[in-house]
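Source file: target.txt; contents: compact mmCIF, C-alpha atoms.
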# COMPACT_ATOMS: atom_id res chain seq x y z
CA MET A 22 187.43 79.10 26.21
CA ILE A 23 183.75 78.30 26.71
CA ASN A 24 184.46 74.58 26.38
CA LYS A 25 187.25 74.87 28.95
CA ILE A 26 184.98 76.67 31.43
CA THR A 27 182.27 74.08 30.85
CA THR A 28 184.77 71.25 31.48
CA ILE A 29 186.00 72.88 34.72
CA ALA A 30 182.42 73.49 35.90
CA ALA A 31 181.49 69.87 35.21
CA ALA A 32 184.55 68.63 37.10
CA MET A 33 183.71 70.89 40.06
CA MET A 34 180.15 69.55 40.06
CA LEU A 35 181.40 65.94 40.09
CA VAL A 36 183.71 66.69 43.02
CA SER A 37 180.89 68.49 44.84
CA ASN A 38 178.52 65.56 44.28
CA ALA A 39 181.18 63.10 45.46
CA VAL A 40 181.74 65.12 48.66
CA GLN A 41 177.99 65.34 49.31
CA ALA A 42 177.57 61.61 48.69
CA ASN A 43 180.32 60.88 51.21
CA GLU A 44 178.98 63.23 53.88
CA GLN A 45 178.01 61.68 57.17
CA THR A 46 174.72 62.08 58.96
CA VAL A 47 175.49 62.31 62.68
CA TYR A 48 173.07 62.08 65.60
CA GLN A 49 173.86 61.99 69.32
CA PHE A 50 171.06 60.71 71.52
CA PRO A 51 170.01 62.93 74.45
CA GLN A 52 170.59 60.00 76.81
CA VAL A 53 172.73 56.90 76.69
CA GLN A 54 170.84 54.19 74.84
CA PRO A 55 170.52 50.60 76.05
CA ALA A 56 172.05 47.79 74.05
CA ALA A 57 169.94 46.72 71.07
CA ASN A 58 167.58 43.82 71.65
CA ALA A 59 168.66 40.45 70.39
CA GLN A 60 167.56 40.01 66.79
CA LEU A 61 164.72 37.64 66.02
CA GLN A 62 166.15 34.27 65.01
CA THR A 63 163.05 32.06 65.00
CA LEU A 64 159.35 32.70 64.45
CA GLU A 65 156.46 30.77 66.01
CA LYS A 66 152.81 30.89 64.94
CA ASP A 67 149.59 28.89 65.30
CA SER A 68 146.85 28.39 62.73
CA VAL A 69 143.24 27.17 63.02
CA GLU A 70 142.45 27.84 59.36
CA TYR A 71 143.22 26.70 55.88
CA TRP A 72 142.91 28.19 52.42
CA GLN A 73 143.17 26.94 48.89
CA LYS A 74 142.59 28.24 45.38
CA VAL A 75 139.78 26.62 43.40
CA SER A 76 138.60 27.15 39.85
CA GLY A 77 135.14 28.05 38.63
CA LYS A 78 134.95 24.57 37.14
CA GLU A 79 135.72 22.98 40.52
CA LEU A 80 133.15 25.13 42.31
CA LYS A 81 130.47 24.06 39.84
CA ARG A 82 131.43 20.39 40.25
CA GLY A 83 131.85 20.58 44.04
CA VAL A 84 134.81 21.28 46.34
CA PRO A 85 135.34 19.32 49.59
CA VAL A 86 135.26 21.48 52.73
CA PHE A 87 136.80 20.16 55.96
CA VAL A 88 135.07 21.46 59.10
CA ASN A 89 135.36 19.76 62.49
CA GLN A 90 133.50 22.00 64.93
CA ALA A 91 130.33 24.07 65.21
CA ASP A 92 132.25 27.38 65.44
CA ASN A 93 133.29 27.67 61.81
CA PHE A 94 133.28 30.20 59.01
CA ILE A 95 133.81 29.69 55.29
CA ARG A 96 134.86 32.61 53.09
CA ILE A 97 134.97 32.52 49.30
CA ALA A 98 136.58 35.39 47.38
CA PRO A 99 137.09 35.98 43.65
CA LYS A 100 140.78 36.32 42.68
CA ALA A 101 141.93 38.24 39.62
CA ARG A 102 143.99 36.29 37.10
CA PHE A 103 146.46 37.49 34.48
CA ASP A 104 146.45 36.14 30.95
CA SER A 105 148.44 37.54 27.98
CA GLY A 106 148.99 40.83 29.79
CA GLU A 107 145.31 41.30 30.62
CA VAL A 108 143.59 41.17 34.00
CA PHE A 109 140.44 39.08 34.31
CA LYS A 110 138.26 39.33 37.41
CA PRO A 111 135.88 36.43 38.10
CA HIS A 112 132.16 36.83 38.53
CA ASP A 113 131.06 37.75 42.06
CA LEU A 114 129.43 34.76 43.70
CA GLN A 115 125.66 34.71 44.28
CA LEU A 116 124.79 33.39 47.72
CA ASP A 117 121.49 31.87 46.62
CA LYS A 118 123.37 29.70 44.10
CA LEU A 119 125.70 28.18 46.75
CA SER A 120 124.91 24.94 48.53
CA VAL A 121 126.70 22.38 50.69
CA ARG A 122 125.95 18.68 50.28
CA ASP A 123 127.19 15.52 51.97
CA ASP A 124 128.81 12.57 50.18
CA ASN A 125 125.32 11.17 49.43
CA PHE A 126 124.50 14.46 47.68
CA ARG A 127 122.01 15.44 50.40
CA GLN A 128 121.89 19.15 51.17
CA MET A 129 123.46 20.12 54.49
CA PRO A 130 122.12 23.00 56.61
CA MET A 131 123.90 26.35 56.60
CA GLN A 132 123.36 28.38 59.76
CA ALA A 133 124.46 31.72 58.36
CA MET A 134 125.21 33.26 55.00
CA VAL A 135 126.97 36.60 54.61
CA ALA A 136 126.51 38.66 51.47
CA GLN A 137 129.25 40.67 49.76
CA GLU A 138 127.95 43.99 51.18
CA GLN A 139 128.09 42.62 54.75
CA MET A 140 131.60 41.31 54.16
CA GLU A 141 132.69 44.76 52.95
CA ASN A 142 131.28 46.29 56.14
CA ALA A 143 133.39 43.77 58.10
CA GLY A 144 136.57 44.86 56.27
CA PHE A 145 136.65 42.36 53.38
CA SER A 146 136.66 44.51 50.25
CA ASP A 147 137.69 41.72 47.85
CA GLY A 148 134.20 40.62 46.84
CA SER A 149 134.03 37.90 49.49
CA VAL A 150 130.91 36.07 50.58
CA GLY A 151 130.68 33.93 53.70
CA LEU A 152 128.73 31.06 55.18
CA LYS A 153 128.68 28.84 58.25
CA LEU A 154 127.95 25.12 58.32
CA GLY A 155 125.32 23.89 60.72
CA GLN A 156 126.37 20.24 60.48
CA VAL A 157 129.95 19.08 60.81
CA ASN A 158 129.74 15.29 61.20
CA GLY A 159 130.26 14.31 57.62
CA LYS A 160 132.01 15.10 54.37
CA ALA A 161 130.88 18.45 53.01
CA MET A 162 130.98 19.47 49.34
CA LEU A 163 130.59 23.15 48.51
CA ARG A 164 129.20 23.86 45.05
CA THR A 165 127.47 26.53 43.03
CA SER A 166 124.84 26.36 40.31
CA GLN A 167 126.02 29.72 39.01
CA ALA A 168 127.36 29.91 35.45
CA LEU A 169 131.03 30.62 36.27
CA ASN A 170 133.90 30.58 33.80
CA ASP A 171 135.88 27.35 34.15
CA ASN A 172 139.25 29.14 34.36
CA ASP A 173 138.24 31.75 36.93
CA THR A 174 139.96 31.47 40.31
CA TYR A 175 138.45 31.76 43.79
CA LEU A 176 140.00 31.61 47.24
CA LEU A 177 138.34 29.19 49.66
CA HIS A 178 139.17 30.10 53.28
CA VAL A 179 137.96 27.97 56.21
CA ILE A 180 138.36 29.24 59.80
CA GLU A 181 137.69 27.23 62.98
CA LYS A 182 138.19 29.72 65.80
CA GLY A 183 139.34 28.19 69.09
CA SER A 184 139.94 24.78 67.57
CA SER A 185 141.97 22.31 69.64
CA ASN A 186 143.52 21.14 66.36
CA ALA A 187 145.81 24.12 65.85
CA LEU A 188 148.79 23.80 63.55
CA HIS A 189 151.93 25.04 65.33
CA ALA A 190 154.89 26.18 63.24
CA LYS A 191 158.37 27.18 64.36
CA SER A 192 160.74 28.30 61.65
CA GLN A 193 164.03 30.05 61.13
CA PHE A 194 163.51 33.80 60.61
CA LYS A 195 167.00 34.83 59.54
CA VAL A 196 168.39 32.76 56.68
CA LYS A 197 172.07 33.08 55.75
CA ASP A 198 173.28 33.72 52.23
CA GLN A 199 173.66 30.54 50.14
CA GLN A 200 171.73 28.54 52.74
CA GLN A 201 169.33 26.11 51.06
CA ARG A 202 167.81 24.39 54.10
CA VAL A 203 165.62 26.22 56.60
CA ALA A 204 164.41 24.66 59.84
CA MET A 205 160.61 24.47 59.91
CA GLN A 206 159.03 22.37 62.64
CA LEU A 207 155.33 21.59 62.22
CA SER A 208 153.12 19.91 64.81
CA MET A 209 149.53 19.59 65.98
CA GLY A 210 149.56 18.84 69.70
CA LYS A 211 151.69 15.74 70.07
CA LYS A 212 151.24 14.85 66.42
CA ARG A 213 154.21 15.20 64.10
CA PHE A 214 153.88 15.13 60.33
CA LYS A 215 155.37 12.93 57.68
CA ASP A 216 157.03 14.67 54.76
CA SER A 217 154.15 13.52 52.55
CA ASP A 218 151.62 15.27 54.85
CA VAL A 219 153.14 18.68 54.13
CA LYS A 220 152.92 20.76 50.98
CA LEU A 221 155.19 23.82 50.83
CA THR A 222 155.12 26.93 48.66
CA LEU A 223 157.96 29.46 48.62
CA SER A 224 157.30 33.01 47.38
CA SER A 225 160.05 35.53 46.67
CA PRO A 226 159.65 39.23 47.61
CA ASP A 227 158.43 39.96 44.06
CA GLY A 228 155.82 37.17 44.21
CA GLU A 229 157.71 34.58 42.14
CA LYS A 230 157.01 30.97 43.13
CA LEU A 231 160.22 29.02 43.80
CA ASP A 232 160.92 25.29 44.02
CA VAL A 233 160.81 23.97 47.60
CA ARG A 234 160.06 20.71 49.36
CA TYR A 235 159.55 19.55 52.97
CA GLU A 236 162.17 17.12 54.21
CA ASN A 237 162.54 15.89 57.78
CA GLY A 238 161.55 19.13 59.50
CA GLU A 239 163.21 21.44 56.97
CA ALA A 240 162.21 23.46 53.94
CA VAL A 241 164.71 22.62 51.21
CA PHE A 242 165.25 24.97 48.26
CA ASN A 243 166.42 23.68 44.91
CA TYR A 244 168.42 26.85 44.21
CA PRO A 245 170.10 29.55 46.34
CA LEU A 246 167.95 32.60 47.11
CA GLU A 247 168.71 35.78 45.17
CA THR A 248 167.01 38.79 46.80
CA LEU A 249 168.96 39.96 49.84
CA GLY A 250 167.61 41.76 52.87
CA ALA A 251 164.20 43.01 53.93
CA ALA A 252 164.19 46.24 51.87
CA ASN A 253 162.05 44.72 49.13
CA GLY A 254 159.96 42.50 51.39
CA TYR A 255 160.37 39.09 52.94
CA TYR A 256 160.46 35.65 51.46
CA GLU A 257 157.46 33.64 52.59
CA LEU A 258 157.03 29.94 53.22
CA GLU A 259 153.46 28.68 53.08
CA ALA A 260 152.75 25.25 54.54
CA SER A 261 149.57 23.21 54.04
CA VAL A 262 148.92 20.01 55.99
CA ASP A 263 146.29 17.35 55.54
CA THR A 264 145.98 14.81 58.35
CA LYS A 265 143.55 12.63 60.33
CA VAL A 266 142.49 13.40 63.92
CA ASN A 267 140.02 10.97 65.56
CA GLY A 268 139.07 9.67 62.15
CA GLN A 269 138.29 13.11 60.71
CA THR A 270 140.28 14.98 58.11
CA VAL A 271 141.86 18.20 59.40
CA LYS A 272 143.39 20.71 57.02
CA ARG A 273 145.51 23.68 58.06
CA SER A 274 147.54 26.38 56.29
CA ILE A 275 150.14 28.76 57.68
CA LYS A 276 152.50 31.43 56.32
CA MET A 277 155.98 31.97 57.80
CA PRO A 278 158.03 34.95 56.55
CA PHE A 279 161.82 35.11 56.74
CA VAL A 280 164.62 37.46 55.75
CA HIS A 281 167.52 36.38 53.54
CA SER A 282 170.61 37.84 55.20
CA SER A 283 174.30 38.25 54.46
CA GLN A 284 177.05 40.00 56.43
CA THR A 285 177.38 42.96 54.05
CA ILE A 286 179.50 45.06 56.42
CA SER A 287 182.33 44.22 58.82
CA MET A 288 184.46 46.44 61.05
CA ASP A 289 188.00 46.57 62.39
CA LYS A 290 188.89 47.73 65.88
CA ALA A 291 187.75 51.27 66.66
CA LYS A 292 190.25 53.91 67.75
CA VAL A 293 188.99 56.51 70.24
CA THR A 294 190.76 59.86 70.67
CA ALA A 295 190.18 62.39 73.46
CA LEU A 296 189.99 65.90 71.94
CA GLY A 297 189.68 67.85 75.21
CA ASN A 298 186.75 69.75 76.73
CA ASN A 299 184.86 66.45 77.14
CA LYS A 300 184.85 65.84 73.40
CA TYR A 301 185.94 62.56 71.84
CA GLN A 302 186.19 61.09 68.38
CA ALA A 303 186.04 57.43 67.38
CA LYS A 304 187.36 56.23 64.03
CA VAL A 305 185.83 52.93 62.93
CA PRO A 306 187.30 51.28 59.78
CA VAL A 307 184.75 49.20 57.85
CA GLN A 308 184.53 47.10 54.73
CA VAL A 309 181.35 46.41 52.74
CA THR A 310 180.55 43.74 50.16
CA ASP A 311 177.88 45.79 48.36
CA SER A 312 177.66 49.53 47.77
CA GLY A 313 174.95 51.28 49.74
CA ARG A 314 174.12 53.45 52.70
CA TYR A 315 175.33 52.08 56.02
CA ALA A 316 175.12 53.19 59.63
CA ILE A 317 176.78 52.51 62.95
CA ARG A 318 175.41 53.09 66.42
CA ALA A 319 177.67 52.81 69.48
CA THR A 320 178.07 53.98 73.06
CA LEU A 321 181.30 55.54 74.33
CA THR A 322 182.60 54.29 77.70
CA GLY A 323 185.36 55.37 80.04
CA LYS A 324 186.64 54.53 83.54
CA GLY A 325 185.04 56.01 86.66
CA ASP A 326 186.84 57.06 89.87
CA LYS A 327 186.68 53.54 91.25
CA GLY A 328 187.85 51.90 88.03
CA GLU A 329 184.35 50.89 86.94
CA ARG A 330 183.41 51.27 83.29
CA ILE A 331 180.74 53.93 82.74
CA LYS A 332 178.65 54.74 79.67
CA LEU A 333 179.04 58.34 78.51
CA ALA A 334 177.05 58.93 75.30
CA THR A 335 175.45 57.16 72.33
CA VAL A 336 175.97 58.32 68.75
CA GLU A 337 174.68 57.08 65.38
CA VAL A 338 176.42 57.88 62.09
CA ALA A 339 175.28 57.01 58.55
CA LYS A 340 176.92 57.46 55.15
CA GLN A 341 177.29 56.02 51.67
CA ILE A 342 180.03 53.36 51.48
CA ASP A 343 181.24 51.56 48.37
CA SER A 344 184.11 49.36 49.59
CA TYR A 345 186.70 50.27 52.27
CA ASP A 346 185.89 53.32 54.38
CA SER A 347 185.50 54.47 57.97
CA PHE A 348 182.95 56.10 60.21
CA THR A 349 183.99 59.17 62.20
CA MET A 350 181.93 59.30 65.39
CA PRO A 351 182.01 62.55 67.41
CA PHE A 352 180.99 62.38 71.09
CA ALA A 353 180.25 65.34 73.36
CA VAL A 354 179.85 64.19 76.97
CA THR A 355 178.97 65.88 80.25
CA GLN A 356 180.34 63.25 82.62
CA THR A 357 184.06 63.12 83.38
CA ALA A 358 185.78 59.81 82.79
CA LYS A 359 189.28 58.43 82.46
CA ALA A 360 191.02 56.39 79.77
CA PRO A 361 190.95 53.87 78.30
CA TYR A 362 187.92 54.87 76.23
CA GLU A 363 186.06 52.16 74.32
CA LEU A 364 182.95 51.65 72.23
CA VAL A 365 180.30 49.17 73.39
CA ASP A 366 176.81 48.11 72.25
CA ILE A 367 177.93 48.48 68.63
CA GLU A 368 175.29 47.89 65.98
CA LEU A 369 175.95 48.05 62.22
CA THR A 370 173.09 48.60 59.76
CA ASP A 371 172.91 48.09 56.02
CA GLN A 372 170.20 50.69 55.40
CA THR A 373 169.96 49.92 51.68
CA ARG A 374 169.02 46.28 52.27
CA MET A 375 167.56 46.77 55.79
CA LEU A 376 169.93 44.39 57.57
CA LYS A 377 171.33 44.72 61.08
CA PHE A 378 174.51 43.19 62.52
CA ALA A 379 176.24 43.20 65.89
CA GLY A 380 179.56 45.02 65.86
CA GLU A 381 182.79 43.33 66.87
Can you give me the file's structure in the form of structure tokens?
Amino acid sequence: MINKITTIAAAMMLVSNAVQANEQTVYQFPQVQPAANAQLQTLEKDSVEYWQKVSGKELKRGVPVFVNQADNFIRIAPKARFDSGEVFKPHDLQLDKLSVRDDNFRQMPMQAMVAQEQMENAGFSDGSVGLKLGQVNGKAMLRTSQALNDNDTYLLHVIEKGSSNALHAKSQFKVKDQQQRVAMQLSMGKKRFKDSDVKLTLSSPDGEKLDVRYENGEAVFNYPLETLGAANGYYELEASVDTKVNGQTVKRSIKMPFVHSSQTISMDKAKVTALGNNKYQAKVPVQVTDSGRYAIRATLTGKGDKGERIKLATVEVAKQIDSYDSFTMPFAVTQTAKAPYELVDIELTDQTRMLKFAGE
């Protein structure tokens, strides 16, 4: 008898949980909402800086620094490295051990040097130090006489604020599922880059480095992308260019994020029913490709006295959907309108993967 009661109780709990999981969250906005803004399709950015990782061995030997104007700033920061499950943090750099020399090994003047404490006060809490070159008409080699570990890693970051040699990037922001080519236009004024001028790095949302190459204005992936949506972060393309402007080497880096998208939900035609007392109900059949929590937002419309279509109310509904299902959208309106009643400004959202789609 006890086992039977336990079995019945467990079954009731499963049914209760299933009902709760399928419950809708309904919200009607106080006022009719405007149509959603067009989703971002492309991203444009400019860069007057570059960065690169260098080893302790390279810093001791000398690392070339490319600076083309008096307004410049060089930041060097220690970067933790992982080896056999352990974290190793490099030595903090000592400013008095840093020097910049030209290609004849003559020391070049440094107008300003910023210690780690000053950098922390400026918001850099990563152990950075900074310096500014006082001479820019020549090849500069940054080196240290400090006893660093050869395998330690440091980030070299060069900024030329207001430079006329800005790298401009325009790339695709929304990338479709299975797409392996992403438009990425790079330019510097009227200058366009050869494929060999551009080095690309592709990082997944979990930080994994993926194979990518630059080919005729596109980033080309060797394999289809796996992580879908923006819920776990964006993919990120990092481009580095190395080119000549008026005989001088100019280096620039830029990062361009994008979201990997797939149409995870689609809808059939909505059916709107008038319930009386200015209350209406819309039934919207949907189909999803992946289980998750989804939402729909839409505005109910009807006909005015002169036959014009008027917007009556905006409602948003969210629920868990596993395959085929439907949203039930209740509307309570204050303005009288005539049939036919229709939904407009429909927006579907995959809340699990943070993806938005225009409704049909």
Long-range neighbours of Ser68 (chain A) as a list in words, 9 Å cut-off, all atoms listed in the file, 6 positions minimum in chain: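 Returned residues: Asn186, Ala187, Leu188, His189, Ala190, Arg273, Ser274 and Ile275 of chain A.
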Shortest interatomic distance to Ala98 (chain A) - which of A:Lys265, A:Lys78, A:Lys300, A:His178, counting only C-alpha atoms: A:His178
Minimum-distance residue to Met288 (chain A), chosen among A:Ile342, A:Leu177, A:Ala251, A:Leu369 (using all atoms listed in the file):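 Going through A:Ile342, A:Leu177, A:Ala251, A:Leu369 one by one, the smallest distance to Met288 (chain A) is for A:Leu369.
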What is the distance between CA of Ile180 (chain A) and CA of Asp67 (chain A), in Å to one decimal? 12.5 Å
Any idea what the distance is between CA of Pro245 (chain A) and CA of Val262 (chain A)? 25.2 Å
CA of Gly151 (chain A) and CA of Gln73 (chain A), how far apart in Å? 15.1 Å
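Closest approach to Trp72 (chain A) among A:Asn237, A:Ser217, A:Ser261, A:Leu207: A:Ser261, based on all atoms listed in the file.
Between Glu363 (chain A) and the candidates A:Pro306, A:Val338, A:Ala291, A:Arg318, the tightest atom-to-atom separation, counting all atoms listed in the file, involves A:Ala291.
Each of A:Pro51, A:Gly106, A:Pro351, A:Gly183 was compared to Glu70 (chain A) using all atoms listed in the file, and A:Gly183 turns out to be the nearest.
With all atoms listed in the file as the basis for measurement, A:Tyr345 is the residue among A:Tyr235, A:Phe214, A:Tyr345, A:Phe279 that approaches Asp311 (chain A) most closely.
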